[in-house]
$ cat target-v1.pdb   # PDB, N, CA and C atoms, pLDDT in the B column
ATOM      1  N   MET U   4      47.881 -45.571  46.065  1.00 58.00           N
ATOM      2  CA  MET U   4      46.877 -45.408  45.049  1.00 58.00           C
ATOM      3  C   MET U   4      47.486 -44.806  43.788  1.00 58.00           C
ATOM      4  N   ALA U   5      48.421 -43.867  43.950  1.00 60.00           N
ATOM      5  CA  ALA U   5      49.048 -43.222  42.808  1.00 60.00           C
ATOM      6  C   ALA U   5      49.858 -44.221  41.992  1.00 60.00           C
ATOM      7  N   GLY U   6      50.433 -45.209  42.665  1.00 64.00           N
ATOM      8  CA  GLY U   6      51.212 -46.241  41.985  1.00 64.00           C
ATOM      9  C   GLY U   6      50.353 -47.086  41.061  1.00 64.00           C
ATOM     10  N   LYS U   7      49.118 -47.379  41.486  1.00 63.00           N
ATOM     11  CA  LYS U   7      48.209 -48.168  40.664  1.00 63.00           C
ATOM     12  C   LYS U   7      47.785 -47.388  39.422  1.00 63.00           C
ATOM     13  N   LYS U   8      47.565 -46.076  39.603  1.00 61.00           N
ATOM     14  CA  LYS U   8      47.163 -45.243  38.465  1.00 61.00           C
ATOM     15  C   LYS U   8      48.286 -45.167  37.435  1.00 61.00           C
ATOM     16  N   LYS U   9      49.528 -45.050  37.940  1.00 64.00           N
ATOM     17  CA  LYS U   9      50.673 -44.995  37.034  1.00 64.00           C
ATOM     18  C   LYS U   9      50.804 -46.308  36.261  1.00 64.00           C
ATOM     19  N   ALA U  10      50.646 -47.421  36.937  1.00 64.00           N
ATOM     20  CA  ALA U  10      50.758 -48.729  36.294  1.00 64.00           C
ATOM     21  C   ALA U  10      49.659 -48.907  35.248  1.00 64.00           C
ATOM     22  N   ALA U  11      48.465 -48.467  35.582  1.00 61.00           N
ATOM     23  CA  ALA U  11      47.348 -48.573  34.638  1.00 61.00           C
ATOM     24  C   ALA U  11      47.590 -47.691  33.423  1.00 61.00           C
ATOM     25  N   SER U  12      48.094 -46.481  33.647  1.00 63.00           N
ATOM     26  CA  SER U  12      48.333 -45.571  32.516  1.00 63.00           C
ATOM     27  C   SER U  12      49.470 -46.094  31.634  1.00 63.00           C
ATOM     28  N   LYS U  13      50.455 -46.774  32.229  1.00 65.00           N
ATOM     29  CA  LYS U  13      51.533 -47.365  31.441  1.00 65.00           C
ATOM     30  C   LYS U  13      50.997 -48.493  30.558  1.00 65.00           C
ATOM     31  N   LYS U  14      50.063 -49.299  31.085  1.00 65.00           N
ATOM     32  CA  LYS U  14      49.465 -50.373  30.297  1.00 65.00           C
ATOM     33  C   LYS U  14      48.685 -49.814  29.122  1.00 65.00           C
ATOM     34  N   VAL U  15      47.933 -48.746  29.384  1.00 59.00           N
ATOM     35  CA  VAL U  15      47.152 -48.119  28.316  1.00 59.00           C
ATOM     36  C   VAL U  15      48.091 -47.543  27.259  1.00 59.00           C
ATOM     37  N   ALA U  16      49.138 -46.877  27.690  1.00 60.00           N
ATOM     38  CA  ALA U  16      50.104 -46.292  26.758  1.00 60.00           C
ATOM     39  C   ALA U  16      50.772 -47.380  25.923  1.00 60.00           C
ATOM     40  N   LYS U  17      51.067 -48.506  26.536  1.00 63.00           N
ATOM     41  CA  LYS U  17      51.704 -49.614  25.831  1.00 63.00           C
ATOM     42  C   LYS U  17      50.762 -50.181  24.764  1.00 63.00           C
ATOM     43  N   LYS U  18      49.465 -50.325  25.109  1.00 63.00           N
ATOM     44  CA  LYS U  18      48.484 -50.822  24.150  1.00 63.00           C
ATOM     45  C   LYS U  18      48.348 -49.862  22.978  1.00 63.00           C
ATOM     46  N   VAL U  19      48.286 -48.570  23.266  1.00 60.00           N
ATOM     47  CA  VAL U  19      48.154 -47.565  22.215  1.00 60.00           C
ATOM     48  C   VAL U  19      49.369 -47.598  21.303  1.00 60.00           C
ATOM     49  N   THR U  20      50.543 -47.723  21.877  1.00 70.00           N
ATOM     50  CA  THR U  20      51.777 -47.779  21.091  1.00 70.00           C
ATOM     51  C   THR U  20      51.777 -49.001  20.182  1.00 70.00           C
ATOM     52  N   LYS U  21      51.325 -50.138  20.688  1.00 70.00           N
ATOM     53  CA  LYS U  21      51.262 -51.354  19.880  1.00 70.00           C
ATOM     54  C   LYS U  21      50.280 -51.192  18.733  1.00 70.00           C
ATOM     55  N   LYS U  22      49.129 -50.554  18.996  1.00 69.00           N
ATOM     56  CA  LYS U  22      48.125 -50.343  17.951  1.00 69.00           C
ATOM     57  C   LYS U  22      48.667 -49.426  16.863  1.00 69.00           C
ATOM     58  N   VAL U  23      49.342 -48.363  17.261  1.00 67.00           N
ATOM     59  CA  VAL U  23      49.918 -47.421  16.290  1.00 67.00           C
ATOM     60  C   VAL U  23      50.962 -48.133  15.443  1.00 67.00           C
ATOM     61  N   ALA U  24      51.808 -48.928  16.072  1.00 66.00           N
ATOM     62  CA  ALA U  24      52.838 -49.663  15.345  1.00 66.00           C
ATOM     63  C   ALA U  24      52.209 -50.662  14.380  1.00 66.00           C
ATOM     64  N   ALA U  25      51.147 -51.325  14.809  1.00 69.00           N
ATOM     65  CA  ALA U  25      50.475 -52.296  13.941  1.00 69.00           C
ATOM     66  C   ALA U  25      49.860 -51.602  12.728  1.00 69.00           C
ATOM     67  N   LYS U  26      49.264 -50.427  12.941  1.00 73.00           N
ATOM     68  CA  LYS U  26      48.674 -49.677  11.828  1.00 73.00           C
ATOM     69  C   LYS U  26      49.749 -49.248  10.839  1.00 73.00           C
ATOM     70  N   LYS U  27      50.881 -48.772  11.341  1.00 71.00           N
ATOM     71  CA  LYS U  27      51.978 -48.352  10.459  1.00 71.00           C
ATOM     72  C   LYS U  27      52.488 -49.541   9.650  1.00 71.00           C
ATOM     73  N   PHE U  28      52.630 -50.680  10.296  1.00 74.00           N
ATOM     74  CA  PHE U  28      53.094 -51.878   9.605  1.00 74.00           C
ATOM     75  C   PHE U  28      52.109 -52.293   8.525  1.00 74.00           C
ATOM     76  N   ALA U  29      50.810 -52.234   8.841  1.00 75.00           N
ATOM     77  CA  ALA U  29      49.772 -52.613   7.879  1.00 75.00           C
ATOM     78  C   ALA U  29      49.790 -51.680   6.666  1.00 75.00           C
ATOM     79  N   LYS U  30      49.988 -50.394   6.907  1.00 74.00           N
ATOM     80  CA  LYS U  30      50.046 -49.432   5.798  1.00 74.00           C
ATOM     81  C   LYS U  30      51.234 -49.725   4.895  1.00 74.00           C
ATOM     82  N   LYS U  31      52.388 -50.004   5.489  1.00 74.00           N
ATOM     83  CA  LYS U  31      53.582 -50.313   4.698  1.00 74.00           C
ATOM     84  C   LYS U  31      53.378 -51.589   3.892  1.00 74.00           C
ATOM     85  N   ALA U  32      52.773 -52.588   4.504  1.00 71.00           N
ATOM     86  CA  ALA U  32      52.525 -53.856   3.819  1.00 71.00           C
ATOM     87  C   ALA U  32      51.562 -53.656   2.653  1.00 71.00           C
ATOM     88  N   ALA U  33      50.555 -52.831   2.853  1.00 69.00           N
ATOM     89  CA  ALA U  33      49.584 -52.566   1.783  1.00 69.00           C
ATOM     90  C   ALA U  33      50.249 -51.833   0.625  1.00 69.00           C
ATOM     91  N   LYS U  34      51.121 -50.887   0.926  1.00 69.00           N
ATOM     92  CA  LYS U  34      51.829 -50.160  -0.129  1.00 69.00           C
ATOM     93  C   LYS U  34      52.714 -51.098  -0.932  1.00 69.00           C
ATOM     94  N   LYS U  35      53.397 -52.013  -0.252  1.00 67.00           N
ATOM     95  CA  LYS U  35      54.259 -52.969  -0.942  1.00 67.00           C
ATOM     96  C   LYS U  35      53.429 -53.880  -1.835  1.00 67.00           C
ATOM     97  N   LYS U  36      52.262 -54.292  -1.349  1.00 63.00           N
ATOM     98  CA  LYS U  36      51.399 -55.172  -2.110  1.00 63.00           C
ATOM     99  C   LYS U  36      50.935 -54.477  -3.392  1.00 63.00           C
ATOM    100  N   VAL U  37      50.576 -53.213  -3.280  1.00 58.00           N
ATOM    101  CA  VAL U  37      50.137 -52.449  -4.447  1.00 58.00           C
ATOM    102  C   VAL U  37      51.300 -52.247  -5.405  1.00 58.00           C
ATOM    103  N   ALA U  38      52.461 -51.969  -4.883  1.00 58.00           N
ATOM    104  CA  ALA U  38      53.628 -51.718  -5.726  1.00 58.00           C
ATOM    105  C   ALA U  38      54.049 -52.976  -6.491  1.00 58.00           C
ATOM    106  N   LYS U  39      53.860 -54.146  -5.907  1.00 65.00           N
ATOM    107  CA  LYS U  39      54.281 -55.390  -6.538  1.00 65.00           C
ATOM    108  C   LYS U  39      53.313 -55.849  -7.624  1.00 65.00           C
ATOM    109  N   LYS U  40      52.082 -55.327  -7.611  1.00 71.00           N
ATOM    110  CA  LYS U  40      51.082 -55.773  -8.583  1.00 71.00           C
ATOM    111  C   LYS U  40      51.519 -55.336  -9.970  1.00 71.00           C
ATOM    112  N   LYS U  41      51.620 -56.308 -10.885  1.00 84.00           N
ATOM    113  CA  LYS U  41      52.075 -55.994 -12.238  1.00 84.00           C
ATOM    114  C   LYS U  41      50.899 -55.586 -13.108  1.00 84.00           C
ATOM    115  N   ALA U  42      51.209 -54.828 -14.129  1.00 91.00           N
ATOM    116  CA  ALA U  42      50.187 -54.385 -15.069  1.00 91.00           C
ATOM    117  C   ALA U  42      49.724 -55.578 -15.908  1.00 91.00           C
ATOM    118  N   PRO U  43      48.446 -55.606 -16.264  1.00 94.00           N
ATOM    119  CA  PRO U  43      47.951 -56.717 -17.088  1.00 94.00           C
ATOM    120  C   PRO U  43      48.544 -56.656 -18.494  1.00 94.00           C
ATOM    121  N   THR U  44      48.720 -57.800 -19.094  1.00 95.00           N
ATOM    122  CA  THR U  44      49.263 -57.839 -20.446  1.00 95.00           C
ATOM    123  C   THR U  44      48.174 -57.509 -21.455  1.00 95.00           C
ATOM    124  N   HIS U  45      48.606 -57.203 -22.668  1.00 97.00           N
ATOM    125  CA  HIS U  45      47.681 -56.893 -23.752  1.00 97.00           C
ATOM    126  C   HIS U  45      46.747 -58.074 -23.988  1.00 97.00           C
ATOM    127  N   GLU U  46      47.290 -59.272 -23.932  1.00 97.00           N
ATOM    128  CA  GLU U  46      46.502 -60.481 -24.170  1.00 97.00           C
ATOM    129  C   GLU U  46      45.436 -60.682 -23.086  1.00 97.00           C
ATOM    130  N   GLU U  47      45.795 -60.420 -21.817  1.00 96.00           N
ATOM    131  CA  GLU U  47      44.827 -60.554 -20.722  1.00 96.00           C
ATOM    132  C   GLU U  47      43.672 -59.564 -20.898  1.00 96.00           C
ATOM    133  N   ILE U  48      44.014 -58.344 -21.252  1.00 97.00           N
ATOM    134  CA  ILE U  48      42.981 -57.328 -21.467  1.00 97.00           C
ATOM    135  C   ILE U  48      42.083 -57.730 -22.632  1.00 97.00           C
ATOM    136  N   LYS U  49      42.700 -58.223 -23.701  1.00 97.00           N
ATOM    137  CA  LYS U  49      41.956 -58.623 -24.896  1.00 97.00           C
ATOM    138  C   LYS U  49      40.937 -59.718 -24.577  1.00 97.00           C
ATOM    139  N   ILE U  50      41.354 -60.715 -23.813  1.00 97.00           N
ATOM    140  CA  ILE U  50      40.471 -61.839 -23.473  1.00 97.00           C
ATOM    141  C   ILE U  50      39.290 -61.354 -22.630  1.00 97.00           C
ATOM    142  N   LEU U  51      39.576 -60.528 -21.629  1.00 97.00           N
ATOM    143  CA  LEU U  51      38.504 -60.034 -20.771  1.00 97.00           C
ATOM    144  C   LEU U  51      37.583 -59.084 -21.533  1.00 97.00           C
ATOM    145  N   ALA U  52      38.139 -58.240 -22.388  1.00 97.00           N
ATOM    146  CA  ALA U  52      37.321 -57.326 -23.188  1.00 97.00           C
ATOM    147  C   ALA U  52      36.371 -58.115 -24.090  1.00 97.00           C
ATOM    148  N   GLN U  53      36.838 -59.224 -24.642  1.00 97.00           N
ATOM    149  CA  GLN U  53      35.991 -60.073 -25.477  1.00 97.00           C
ATOM    150  C   GLN U  53      34.837 -60.651 -24.663  1.00 97.00           C
ATOM    151  N   ALA U  54      35.137 -61.090 -23.442  1.00 97.00           N
ATOM    152  CA  ALA U  54      34.094 -61.642 -22.575  1.00 97.00           C
ATOM    153  C   ALA U  54      33.068 -60.564 -22.207  1.00 97.00           C
ATOM    154  N   ILE U  55      33.550 -59.365 -21.938  1.00 97.00           N
ATOM    155  CA  ILE U  55      32.657 -58.245 -21.616  1.00 97.00           C
ATOM    156  C   ILE U  55      31.776 -57.931 -22.818  1.00 97.00           C
ATOM    157  N   TYR U  56      32.373 -57.934 -24.018  1.00 97.00           N
ATOM    158  CA  TYR U  56      31.626 -57.679 -25.250  1.00 97.00           C
ATOM    159  C   TYR U  56      30.517 -58.710 -25.445  1.00 97.00           C
ATOM    160  N   GLU U  57      30.856 -59.972 -25.271  1.00 97.00           N
ATOM    161  CA  GLU U  57      29.869 -61.038 -25.458  1.00 97.00           C
ATOM    162  C   GLU U  57      28.729 -60.929 -24.450  1.00 97.00           C
ATOM    163  N   ASP U  58      29.063 -60.614 -23.217  1.00 97.00           N
ATOM    164  CA  ASP U  58      28.042 -60.444 -22.186  1.00 97.00           C
ATOM    165  C   ASP U  58      27.152 -59.244 -22.517  1.00 97.00           C
ATOM    166  N   ARG U  59      27.776 -58.162 -22.949  1.00 96.00           N
ATOM    167  CA  ARG U  59      27.042 -56.943 -23.297  1.00 96.00           C
ATOM    168  C   ARG U  59      26.069 -57.211 -24.435  1.00 96.00           C
ATOM    169  N   CYS U  60      26.514 -57.900 -25.461  1.00 96.00           N
ATOM    170  CA  CYS U  60      25.654 -58.208 -26.613  1.00 96.00           C
ATOM    171  C   CYS U  60      24.526 -59.176 -26.232  1.00 96.00           C
ATOM    172  N   ALA U  61      24.850 -60.156 -25.402  1.00 97.00           N
ATOM    173  CA  ALA U  61      23.852 -61.148 -25.006  1.00 97.00           C
ATOM    174  C   ALA U  61      22.709 -60.525 -24.208  1.00 97.00           C
ATOM    175  N   HIS U  62      23.028 -59.478 -23.469  1.00 96.00           N
ATOM    176  CA  HIS U  62      22.015 -58.840 -22.623  1.00 96.00           C
ATOM    177  C   HIS U  62      21.486 -57.532 -23.220  1.00 96.00           C
ATOM    178  N   GLY U  63      21.916 -57.189 -24.417  1.00 96.00           N
ATOM    179  CA  GLY U  63      21.421 -55.992 -25.083  1.00 96.00           C
ATOM    180  C   GLY U  63      21.823 -54.694 -24.411  1.00 96.00           C
ATOM    181  N   LYS U  64      22.983 -54.683 -23.768  1.00 95.00           N
ATOM    182  CA  LYS U  64      23.458 -53.473 -23.087  1.00 95.00           C
ATOM    183  C   LYS U  64      24.138 -52.549 -24.093  1.00 95.00           C
ATOM    184  N   PRO U  65      24.044 -51.237 -23.883  1.00 95.00           N
ATOM    185  CA  PRO U  65      24.724 -50.304 -24.785  1.00 95.00           C
ATOM    186  C   PRO U  65      26.227 -50.289 -24.516  1.00 95.00           C
ATOM    187  N   GLY U  66      26.994 -49.882 -25.508  1.00 96.00           N
ATOM    188  CA  GLY U  66      28.439 -49.778 -25.351  1.00 96.00           C
ATOM    189  C   GLY U  66      29.149 -49.978 -26.664  1.00 96.00           C
ATOM    190  N   ASP U  67      30.478 -49.899 -26.613  1.00 97.00           N
ATOM    191  CA  ASP U  67      31.290 -50.126 -27.806  1.00 97.00           C
ATOM    192  C   ASP U  67      32.589 -50.798 -27.399  1.00 97.00           C
ATOM    193  N   GLN U  68      33.449 -51.064 -28.378  1.00 96.00           N
ATOM    194  CA  GLN U  68      34.675 -51.809 -28.078  1.00 96.00           C
ATOM    195  C   GLN U  68      35.626 -51.018 -27.186  1.00 96.00           C
ATOM    196  N   ASP U  69      35.615 -49.707 -27.311  1.00 97.00           N
ATOM    197  CA  ASP U  69      36.497 -48.900 -26.459  1.00 97.00           C
ATOM    198  C   ASP U  69      36.071 -48.978 -24.991  1.00 97.00           C
ATOM    199  N   SER U  70      34.768 -48.926 -24.747  1.00 97.00           N
ATOM    200  CA  SER U  70      34.300 -49.020 -23.361  1.00 97.00           C
ATOM    201  C   SER U  70      34.542 -50.428 -22.802  1.00 97.00           C
ATOM    202  N   ASP U  71      34.430 -51.444 -23.665  1.00 97.00           N
ATOM    203  CA  ASP U  71      34.720 -52.818 -23.229  1.00 97.00           C
ATOM    204  C   ASP U  71      36.194 -52.940 -22.826  1.00 97.00           C
ATOM    205  N   TRP U  72      37.065 -52.362 -23.630  1.00 97.00           N
ATOM    206  CA  TRP U  72      38.503 -52.415 -23.362  1.00 97.00           C
ATOM    207  C   TRP U  72      38.824 -51.678 -22.056  1.00 97.00           C
ATOM    208  N   ALA U  73      38.241 -50.491 -21.895  1.00 97.00           N
ATOM    209  CA  ALA U  73      38.492 -49.704 -20.685  1.00 97.00           C
ATOM    210  C   ALA U  73      37.990 -50.437 -19.447  1.00 97.00           C
ATOM    211  N   GLU U  74      36.833 -51.076 -19.548  1.00 97.00           N
ATOM    212  CA  GLU U  74      36.289 -51.833 -18.429  1.00 97.00           C
ATOM    213  C   GLU U  74      37.185 -53.027 -18.096  1.00 97.00           C
ATOM    214  N   ALA U  75      37.703 -53.686 -19.116  1.00 97.00           N
ATOM    215  CA  ALA U  75      38.603 -54.825 -18.883  1.00 97.00           C
ATOM    216  C   ALA U  75      39.878 -54.365 -18.181  1.00 97.00           C
ATOM    217  N   GLU U  76      40.439 -53.257 -18.610  1.00 96.00           N
ATOM    218  CA  GLU U  76      41.641 -52.717 -17.940  1.00 96.00           C
ATOM    219  C   GLU U  76      41.343 -52.378 -16.500  1.00 96.00           C
ATOM    220  N   ARG U  77      40.202 -51.724 -16.261  1.00 95.00           N
ATOM    221  CA  ARG U  77      39.834 -51.322 -14.900  1.00 95.00           C
ATOM    222  C   ARG U  77      39.692 -52.548 -13.999  1.00 95.00           C
ATOM    223  N   GLN U  78      39.022 -53.570 -14.486  1.00 95.00           N
ATOM    224  CA  GLN U  78      38.836 -54.776 -13.694  1.00 95.00           C
ATOM    225  C   GLN U  78      40.159 -55.484 -13.391  1.00 95.00           C
ATOM    226  N   LEU U  79      41.050 -55.508 -14.337  1.00 94.00           N
ATOM    227  CA  LEU U  79      42.330 -56.202 -14.143  1.00 94.00           C
ATOM    228  C   LEU U  79      43.287 -55.415 -13.239  1.00 94.00           C
ATOM    229  N   MET U  80      43.114 -54.126 -13.168  1.00 90.00           N
ATOM    230  CA  MET U  80      43.994 -53.308 -12.326  1.00 90.00           C
ATOM    231  C   MET U  80      43.600 -53.344 -10.853  1.00 90.00           C
ATOM    232  N   ARG U  81      42.434 -53.861 -10.524  1.00 86.00           N
ATOM    233  CA  ARG U  81      42.007 -53.942  -9.123  1.00 86.00           C
ATOM    234  C   ARG U  81      42.837 -54.886  -8.362  1.00 86.00           C
TER     235      ARG U  81
END

$ encode --input "target-v1.pdb" --output "structure tokens"
Amino acid sequence: MAGKKKAASKKVAKKVTKKVAAKKFAKKAAKKKVAKKKAPTHEEIKILAQAIYEDRCAHGKPGDQDSDWAEAERQLMR
């Protein structure tokens, strides 16, 4: 009976070890993905800020060009 318990505990330990390793790998992959993301260019921000401005004006929302620019940067950095 003790042999079966040992075998079962080894299987559980092996599964836990695999899960921990998978989580570590996923974290490293996510960090690499974030690190590889390049910053948006001035032109990309400008185009999106213009679209945000037009949408804001069309719907009568409050704001200014600085908030449009900041929103465009925030959206592009995601």

$ closest_residue --input "target-v1.pdb" --among "U:Lys26, U:Tyr56, U:Lys21, U:Met80" --to "Gln68 (chain U)" --atoms "all atoms listed in the file"
U:Tyr56

$ closest_residue --input "target-v1.pdb" --among "U:Ala32, U:Glu76, U:Gly63, U:Asp69" --to "Lys49 (chain U)" --atoms "only N, CA and C atoms"
U:Glu76

$ residues_near_point --input "target-v1.pdb" --point "(44.4, -53.5, -8.9)" --cutoff "9 Å" --atoms "only C-alpha atoms" --output "JSON list (two decimals) with N, CA and C atoms, keeping the file's coordinate frame"
[["chain", "number", "residue", "atom", "x", "y", "z"],
["U", 37, "VAL", "N", 50.58, -53.21, -3.28],
["U", 37, "VAL", "CA", 50.14, -52.45, -4.45],
["U", 37, "VAL", "C", 51.30, -52.25, -5.40],
["U", 40, "LYS", "N", 52.08, -55.33, -7.61],
["U", 40, "LYS", "CA", 51.08, -55.77, -8.58],
["U", 40, "LYS", "C", 51.52, -55.34, -9.97],
["U", 41, "LYS", "N", 51.62, -56.31, -10.88],
["U", 41, "LYS", "CA", 52.08, -55.99, -12.24],
["U", 41, "LYS", "C", 50.90, -55.59, -13.11],
["U", 42, "ALA", "N", 51.21, -54.83, -14.13],
["U", 42, "ALA", "CA", 50.19, -54.38, -15.07],
["U", 42, "ALA", "C", 49.72, -55.58, -15.91],
["U", 77, "ARG", "N", 40.20, -51.72, -16.26],
["U", 77, "ARG", "CA", 39.83, -51.32, -14.90],
["U", 77, "ARG", "C", 39.69, -52.55, -14.00],
["U", 78, "GLN", "N", 39.02, -53.57, -14.49],
["U", 78, "GLN", "CA", 38.84, -54.78, -13.69],
["U", 78, "GLN", "C", 40.16, -55.48, -13.39],
["U", 79, "LEU", "N", 41.05, -55.51, -14.34],
["U", 79, "LEU", "CA", 42.33, -56.20, -14.14],
["U", 79, "LEU", "C", 43.29, -55.42, -13.24],
["U", 80, "MET", "N", 43.11, -54.13, -13.17],
["U", 80, "MET", "CA", 43.99, -53.31, -12.33],
["U", 80, "MET", "C", 43.60, -53.34, -10.85],
["U", 81, "ARG", "N", 42.43, -53.86, -10.52],
["U", 81, "ARG", "CA", 42.01, -53.94, -9.12],
["U", 81, "ARG", "C", 42.84, -54.89, -8.36]]

$ atom_distance --input "target-v1.pdb" --atom1 "CA of Glu47 (chain U)" --atom2 "atom C of Lys31 (chain U)"
27.6 Å

$ resolve_selection --input "target-v1.pdb" --expression "the PyMOL selection byres (((chain U and resi 53 and name CA) around 12) and name CA)" --output "ChimeraX atom specification"
/U:46-52,54-60,67-76

$ select_by_dssp --input "target-v1.pdb" --residues "region 26-67 of chain U" --states "helix (DSSP H, G or I)" --output "ChimeraX atom specification"
/U:26-39,45-61
